[in-house]
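Student: Below is one structure. I have some questions about it.
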Amino acid sequence: MPSPSKAPVPDFSTDRHTSRQPQWINRFANLSGDFGCAVDPTPVPNPVWVARNTELLAQMGLPLDWLESSQALQAFSGNALLPGSQHWASVYSGHQFGQWAGQLGDGRALYLGELRTPTGSMELQLKGAGRTPFSRMGDGRAVLRSSIREYLCSQAMQGLGIPTTLALCLTGSPLSVIRETAETAAIVTRTAPSFIRFGHFEHFSSAPPHQGSSALKLLADFVIDHHLPESQSPGFCQNRYANLLHCVTQKTAALMAQWQAVGFCHGVMNTDNMSILGLTLDYGPFQFLDAFDPMHICNHSDHQGRYAYQRQPQVGYWNLFCLAQALMPLIEDQDLAVKVLETYKTSFAQAIDAAMLAKLGLSGVNPAGGKLYQPADISEEDRALQQDAWQLLAEDRVDYTLFWRRLSHAAASNNSQDPNWQSVQDLFIDRSAWQAWQLRYMNRISHEDSCDVSQRMLQANPKYTLRNHLAELAIQKAQNNDFSEVDRLHSLLQFPFDEHPEFESYAGLPPDWAASIEISCSS
């Protein structure tokens, strides 16, 4: 089959939908030839639109024809060029499953460029657009199944208020791609202020000094100047590179706490999948917990359970240690680097305490002293209450999302016989253990306005998450050329804390067959 022609897409700057001309600035690609190389995507036959995120398009101040015209379809399928774009693949290295993997890079991602938008600069990438010099033995492709999961989950995370990359659109093609079985190809266009990873720093730190030293400094200065300017403020002994490490440490600690609080498992927390900006990056074998199991492994390829849910905060710290090692030629003070890394433990503890207090609906008022908590002085009573809740959920494998949402409604009543309280109890096998915890909790929230407690909880405990079975149903329809469920889920996940009574079935217990869904690195 002949390849589609690679004709430039018409300039949309004079389109009737907008008077704003897209401004490409392409700072990272133009920074240095050491960081990557120019490469064009490999065209696909007969592309079709699968999904388009018009809300994100509007936020970026881009013309509607970017996601409407046939020329746009060709461009976002890798078959044509956007005026001003700059196809480019980035090189990086990293640790995978705890082992040094050496040089990696954008094996199936292509930088289209960086745009100046009303919300700040934004990079665009095509994921699944064909081989690059960094594909190693891969084909550079993505399949429809995994691309739908990324498109939906990035929106789910944004709806939950968790930092993330975002997908602008998704196209599909009948091109056959072999994973565990033959599947069809897809290309997702994703956006972020930057896709720079821990692995970028590891790559240049591991290179011979005459090759890597200047590039490492150039990269660090670029990140500080353009993406983390707060690193320039006085901090650790006026050391801007220690400040950079500190900034990334704080963002990573906050991200890990948000993942844990909402029950999100990333599945493949390699250093090359860690964002220097503290974004959730590279959606592969992820999962939102159904039954609560602290040692749940969502990645079928993770045979040792390195990335189990409970281990994610420690892995985040381990990855930061790798980043610190990469930055040592610039920090030049090992004791200082260790001092910076130690802030992770305190910051994560404070962040998870704050997140769990919110899930419990507690305002942070110490019932003993009547004063607002400071970040580090949560009472032992409240900490025990949250930890014992996790223990109860684990012992009975209680559905994580349902428990917190039902508890949010029940907290509005001080009557333990209220039907909302009964609906929470129905989730437990060990009723006596539940009732003992319930008594403690009801006594605790009696110190606060119960309506305020419930309202706070409803804003902290989502009704809807992207459960595996919901994504699977959307994928099955899409594989039969029905993309309606992708759009339906995408719209729902923008507002996961709202009731949406018409989607009530999406908030129930997963079906029995959901437990058999296996998600691997190819997902």
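Here, A, B, ... name the chains of the structure tokens in the order displayed, residue numbers run from 1 inside each chain, and ligands are numbered from 1 in the same displayed order.
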Counting only C-alpha atoms, which residues of stretch 104-134 of chain A sit at most 12 Å from some atom of stretch 269-281 of chain A, and what is each one's closest atom pair with its distance in Å to one decimal, listed by chain and rising residue number, as CSV?

Tutor:
```
residue,atom,partner,partner_atom,distance
A:Leu104,CA,A:Asp272,CA,8.1
A:Gly105,CA,A:Asp272,CA,8.4
A:Asp106,CA,A:Asp272,CA,10.1
A:Gly107,CA,A:Asp272,CA,11.8
```

Student: Could you save the residues just selected, with N, CA and C atoms, as a PDB file, in the first residue's frame?

Tutor:
```pdb
ATOM      1  N   LEU A 104      18.221   5.164  26.307  1.00  0.00           N
ATOM      2  CA  LEU A 104      16.846   4.891  25.884  1.00  0.00           C
ATOM      3  C   LEU A 104      16.457   5.998  24.906  1.00  0.00           C
ATOM      4  N   GLY A 105      15.432   6.751  25.203  1.00  0.00           N
ATOM      5  CA  GLY A 105      15.040   7.855  24.332  1.00  0.00           C
ATOM      6  C   GLY A 105      13.626   7.691  23.831  1.00  0.00           C
ATOM      7  N   ASP A 106      13.204   8.652  23.031  1.00  0.00           N
ATOM      8  CA  ASP A 106      11.851   8.642  22.472  1.00  0.00           C
ATOM      9  C   ASP A 106      11.747   7.569  21.395  1.00  0.00           C
ATOM     10  N   GLY A 107      11.478   6.363  21.826  1.00  0.00           N
ATOM     11  CA  GLY A 107      11.410   5.259  20.880  1.00  0.00           C
ATOM     12  C   GLY A 107      10.137   5.209  20.071  1.00  0.00           C
TER      13      GLY A 107
END
```

Student: Skip A:Ala384 itself and residues of its chain fewer than 3 positions away, then list as a list in words all residues within 12 Å of it, counting only C-alpha atoms.

Tutor: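 Here the qualifying residues turn out to be Asp353, Met356, Leu357, Ile378, Ser379, Glu380, Glu381, Gln387, Asp388, Ala389, Trp390, Gln391, Leu392, Trp437, Arg440, Tyr441 and Arg444 of chain A.
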
Student: Among stretch 280-515 of chain A, which residues does DSSP mark as strand (DSSP E or B) when it is run on the backbone? Keep the chain and numbering as in the structure and answer as number ranges by chain.

Tutor: A: 280, 287-288, 291, 299, 365, 372, 399

Student: Could you produce a table of the residues of stretch 181-239 of chain A lying within 7 Å of stretch 163-174 of chain A, with the nearest pair of atoms per residue and their separation in Å rounded to one decimal, using only C-alpha atoms, ordered by chain and increasing residue number, as JSON lines?

Tutor:
```
{"residue": "A:Thr184", "atom": "CA", "partner": "A:Pro174", "partner_atom": "CA", "distance": 5.3}
{"residue": "A:Ala185", "atom": "CA", "partner": "A:Ser173", "partner_atom": "CA", "distance": 5.3}
{"residue": "A:Ala186", "atom": "CA", "partner": "A:Gly172", "partner_atom": "CA", "distance": 4.1}
{"residue": "A:Ile187", "atom": "CA", "partner": "A:Thr171", "partner_atom": "CA", "distance": 5.3}
{"residue": "A:Val188", "atom": "CA", "partner": "A:Leu170", "partner_atom": "CA", "distance": 4.4}
{"residue": "A:Thr189", "atom": "CA", "partner": "A:Cys169", "partner_atom": "CA", "distance": 5.4}
{"residue": "A:Arg190", "atom": "CA", "partner": "A:Ala167", "partner_atom": "CA", "distance": 4.1}
{"residue": "A:Thr191", "atom": "CA", "partner": "A:Leu166", "partner_atom": "CA", "distance": 5.2}
{"residue": "A:Ala192", "atom": "CA", "partner": "A:Thr165", "partner_atom": "CA", "distance": 5.0}
```

Student: Find the residues around A:Cys153 up to 9 Å (only C-alpha atoms counted), leave out those fewer than 2 positions away in its own chain, and share them as a ChimeraX atom specification.

Tutor: /A:148-151,155-158,166,283,286,465-466,471,490,493

Student: Just the selected residues (N, CA and C atoms), exported as a short mmCIF file (atom, residue, chain, number, x, y, z; two decimals), in the first residue's frame, please.

Tutor:
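To be explicit, this is the file written out as selection_16.cif:
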```
data_model
loop_
_atom_site.label_atom_id
_atom_site.label_comp_id
_atom_site.auth_asym_id
_atom_site.auth_seq_id
_atom_site.Cartn_x
_atom_site.Cartn_y
_atom_site.Cartn_z
N ILE A 148 -6.12 4.54 23.90
CA ILE A 148 -7.39 4.93 24.54
C ILE A 148 -7.19 5.05 26.04
N ARG A 149 -6.45 4.11 26.63
CA ARG A 149 -6.21 4.16 28.06
C ARG A 149 -5.46 5.45 28.44
N GLU A 150 -4.45 5.83 27.66
CA GLU A 150 -3.73 7.06 27.96
C GLU A 150 -4.60 8.28 27.77
N TYR A 151 -5.36 8.32 26.68
CA TYR A 151 -6.23 9.46 26.41
C TYR A 151 -7.21 9.67 27.56
N GLN A 155 -7.01 12.51 31.22
CA GLN A 155 -8.15 13.37 31.56
C GLN A 155 -8.67 13.06 32.95
N ALA A 156 -8.68 11.78 33.33
CA ALA A 156 -9.14 11.39 34.66
C ALA A 156 -8.26 12.04 35.72
N MET A 157 -6.96 12.04 35.51
CA MET A 157 -6.05 12.62 36.49
C MET A 157 -6.25 14.13 36.60
N GLN A 158 -6.44 14.79 35.48
CA GLN A 158 -6.69 16.23 35.55
C GLN A 158 -7.97 16.51 36.31
N LEU A 166 -1.45 15.76 29.23
CA LEU A 166 -2.83 15.70 28.74
C LEU A 166 -2.83 15.33 27.26
N TYR A 283 1.45 6.77 30.59
CA TYR A 283 0.39 5.86 31.04
C TYR A 283 0.50 4.54 30.31
N PHE A 286 -1.25 1.15 34.12
CA PHE A 286 -1.79 1.79 35.32
C PHE A 286 -3.09 1.12 35.76
N THR A 465 -13.78 6.98 38.99
CA THR A 465 -12.40 6.86 38.54
C THR A 465 -12.40 6.00 37.29
N LEU A 466 -11.28 6.00 36.58
CA LEU A 466 -11.19 5.20 35.35
C LEU A 466 -10.84 3.76 35.74
N ALA A 471 -12.59 1.26 31.09
CA ALA A 471 -11.70 1.47 29.94
C ALA A 471 -11.83 0.31 28.96
N HIS A 490 -14.70 10.25 28.61
CA HIS A 490 -13.85 11.44 28.68
C HIS A 490 -14.63 12.60 29.28
N LEU A 493 -15.20 11.95 33.11
CA LEU A 493 -13.99 12.02 33.94
C LEU A 493 -13.47 13.44 34.12
#
```

Student: From the options A:Val398, A:Phe264, A:Gln334, A:Phe321, which residue's atoms come nearest to A:Ala308, counting only C-alpha atoms?

Tutor: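 When distances to A:Ala308 are compared using only C-alpha atoms, the smallest one comes from A:Phe264.
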
Student: Return the single residue from A:Leu402, A:Ala412, A:Ala324, A:Met137 that is closest to A:Glu448, with distances computed using only C-alpha atoms.

Tutor: A:Ala412

Student: Hey, what's within 9 Å of A:Met457 if we count only C-alpha atoms and toss same-chain stuff fewer than 2 positions away? As a list in words, please?

Tutor: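 So, after excluding close chain neighbours, the residues are Ala358, Lys359, Leu360, Gly361, Leu362, Trp404, Arg405, Leu407, Ser408, His409, Ala411, Asp452, Val453, Ser454, Gln455, Gln459, Ala460, Asn461 and Pro462 of chain A.
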
Student: List the neighbours of stretch 89-97 of chain A out to 10 Å using only C-alpha atoms; skip same-chain residues closer than 6 positions along the sequence, and give me the result as a compact mmCIF listing (two decimals) with N, CA and C atoms, in the first residue's frame.

Tutor:
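Full text of out_20.txt as output:
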```txt
# COMPACT_ATOMS: atom_id res chain seq x y z
N PHE A 28 13.34 23.61 23.45
CA PHE A 28 14.15 22.46 23.82
C PHE A 28 14.82 21.85 22.59
N ALA A 29 14.06 21.69 21.51
CA ALA A 29 14.62 21.08 20.30
C ALA A 29 15.74 21.93 19.71
N GLY A 33 22.11 20.06 19.71
CA GLY A 33 22.01 18.80 18.98
C GLY A 33 22.30 17.59 19.83
N ASP A 34 22.86 17.80 21.05
CA ASP A 34 23.15 16.67 21.93
C ASP A 34 21.89 16.02 22.48
N PHE A 35 20.79 16.77 22.47
CA PHE A 35 19.61 16.30 23.17
C PHE A 35 18.66 15.47 22.30
N GLY A 36 18.92 15.35 21.04
CA GLY A 36 18.05 14.56 20.19
C GLY A 36 18.40 14.75 18.73
N CYS A 37 17.49 14.34 17.88
CA CYS A 37 17.74 14.47 16.44
C CYS A 37 16.43 14.61 15.69
N ALA A 38 16.52 15.26 14.56
CA ALA A 38 15.34 15.43 13.71
C ALA A 38 14.96 14.09 13.09
N VAL A 39 13.69 13.80 13.09
CA VAL A 39 13.18 12.56 12.49
C VAL A 39 11.72 12.75 12.16
N ASP A 40 11.32 12.30 11.00
CA ASP A 40 9.91 12.42 10.60
C ASP A 40 9.14 11.19 11.02
N PRO A 41 7.84 11.36 11.29
CA PRO A 41 7.01 10.19 11.60
C PRO A 41 6.84 9.32 10.38
N GLN A 103 21.27 3.82 27.39
CA GLN A 103 20.58 4.78 26.54
C GLN A 103 19.20 4.27 26.16
N LEU A 104 18.22 5.16 26.31
CA LEU A 104 16.85 4.89 25.88
C LEU A 104 16.46 6.00 24.91
N GLY A 105 15.43 6.75 25.20
CA GLY A 105 15.04 7.85 24.33
C GLY A 105 13.63 7.69 23.83
N ASP A 106 13.20 8.65 23.03
CA ASP A 106 11.85 8.64 22.47
C ASP A 106 11.75 7.57 21.39
N GLY A 107 11.48 6.36 21.83
CA GLY A 107 11.41 5.26 20.88
C GLY A 107 10.14 5.21 20.07
N ARG A 108 9.07 5.78 20.61
CA ARG A 108 7.82 5.85 19.84
C ARG A 108 7.10 7.18 20.07
N ALA A 109 7.86 8.18 20.52
CA ALA A 109 7.31 9.52 20.70
C ALA A 109 8.07 10.50 19.83
N LEU A 110 7.35 11.45 19.26
CA LEU A 110 7.96 12.47 18.41
C LEU A 110 7.50 13.85 18.87
N TYR A 111 8.46 14.67 19.18
CA TYR A 111 8.19 16.08 19.54
C TYR A 111 7.73 16.81 18.28
N LEU A 112 6.58 17.50 18.40
CA LEU A 112 6.12 18.34 17.29
C LEU A 112 6.56 19.78 17.45
N GLN A 125 3.51 16.21 21.50
CA GLN A 125 4.18 14.99 21.08
C GLN A 125 3.18 14.08 20.38
N ARG A 131 9.11 4.46 14.04
CA ARG A 131 10.45 4.27 14.58
C ARG A 131 11.24 5.58 14.60
N THR A 132 12.13 5.65 15.60
CA THR A 132 13.09 6.74 15.71
C THR A 132 14.46 6.10 15.92
N PRO A 133 15.53 6.88 15.91
CA PRO A 133 16.85 6.29 16.20
C PRO A 133 16.96 5.69 17.60
N PHE A 134 15.95 5.96 18.46
CA PHE A 134 16.00 5.46 19.83
C PHE A 134 14.99 4.33 20.07
N PHE A 195 8.39 17.51 28.56
CA PHE A 195 8.48 16.06 28.74
C PHE A 195 9.87 15.64 29.24
N ILE A 196 10.63 16.58 29.78
CA ILE A 196 11.96 16.25 30.30
C ILE A 196 11.81 15.35 31.52
N ARG A 197 12.64 14.31 31.56
CA ARG A 197 12.53 13.26 32.57
C ARG A 197 13.79 13.19 33.42
N PHE A 198 13.69 12.45 34.53
CA PHE A 198 14.88 12.18 35.31
C PHE A 198 15.96 11.58 34.41
N GLY A 199 15.52 10.72 33.49
CA GLY A 199 16.45 10.02 32.62
C GLY A 199 17.26 10.92 31.71
N HIS A 200 16.76 12.11 31.40
CA HIS A 200 17.57 13.04 30.61
C HIS A 200 18.85 13.41 31.36
N PHE A 201 18.71 13.68 32.65
CA PHE A 201 19.88 14.04 33.46
C PHE A 201 20.79 12.83 33.65
N GLU A 202 20.21 11.65 33.83
CA GLU A 202 21.02 10.45 33.99
C GLU A 202 21.84 10.19 32.73
N HIS A 203 21.26 10.47 31.58
CA HIS A 203 21.96 10.21 30.32
C HIS A 203 23.25 11.01 30.22
N PHE A 204 23.18 12.30 30.50
CA PHE A 204 24.36 13.14 30.32
C PHE A 204 25.33 13.02 31.49
N SER A 205 24.82 12.64 32.65
CA SER A 205 25.71 12.38 33.77
C SER A 205 26.54 11.12 33.55
N SER A 206 25.97 10.16 32.83
CA SER A 206 26.67 8.89 32.60
C SER A 206 27.60 8.94 31.40
N VAL A 268 4.81 1.32 36.30
CA VAL A 268 6.15 1.20 35.73
C VAL A 268 6.92 2.49 36.01
N MET A 269 7.29 2.65 37.29
CA MET A 269 7.94 3.88 37.75
C MET A 269 9.44 3.86 37.50
N ASN A 270 9.84 3.58 36.28
CA ASN A 270 11.25 3.68 35.92
C ASN A 270 11.68 5.14 35.93
N THR A 271 12.97 5.40 36.08
CA THR A 271 13.41 6.80 36.13
C THR A 271 13.16 7.52 34.81
N ASP A 272 13.09 6.79 33.71
CA ASP A 272 12.80 7.44 32.44
C ASP A 272 11.31 7.75 32.29
N ASN A 273 10.49 7.32 33.27
CA ASN A 273 9.07 7.65 33.26
C ASN A 273 8.72 8.66 34.35
N MET A 274 9.74 9.32 34.91
CA MET A 274 9.52 10.30 35.97
C MET A 274 9.73 11.71 35.43
N ASP A 302 5.48 -6.94 35.91
CA ASP A 302 6.26 -6.65 37.12
C ASP A 302 6.27 -7.90 38.01
N GLN A 304 8.36 -9.13 40.14
CA GLN A 304 8.85 -9.02 41.50
C GLN A 304 8.02 -8.06 42.36
N GLY A 305 7.03 -7.42 41.76
CA GLY A 305 6.21 -6.49 42.53
C GLY A 305 6.93 -5.22 42.94
N ARG A 306 7.95 -4.83 42.18
CA ARG A 306 8.70 -3.62 42.53
C ARG A 306 7.79 -2.40 42.59
N TYR A 307 6.82 -2.34 41.69
CA TYR A 307 5.98 -1.15 41.60
C TYR A 307 4.57 -1.38 42.16
N VAL A 315 9.68 4.08 45.99
CA VAL A 315 10.28 4.10 44.66
C VAL A 315 10.49 5.55 44.20
N ASN A 319 14.05 6.92 43.02
CA ASN A 319 14.27 7.59 41.74
C ASN A 319 14.90 8.97 41.93
N CYS A 322 18.52 8.62 42.34
CA CYS A 322 19.20 8.50 41.04
C CYS A 322 19.37 9.87 40.39
N LEU A 323 18.35 10.71 40.50
CA LEU A 323 18.45 12.06 39.95
C LEU A 323 19.55 12.85 40.67
```

Student: What are the DSSP helix (DSSP H, G or I) residues of stretch 158-219 of chain A, as a PyMOL selection string?

Tutor: chain A and resi 158-159+198-206+209-219
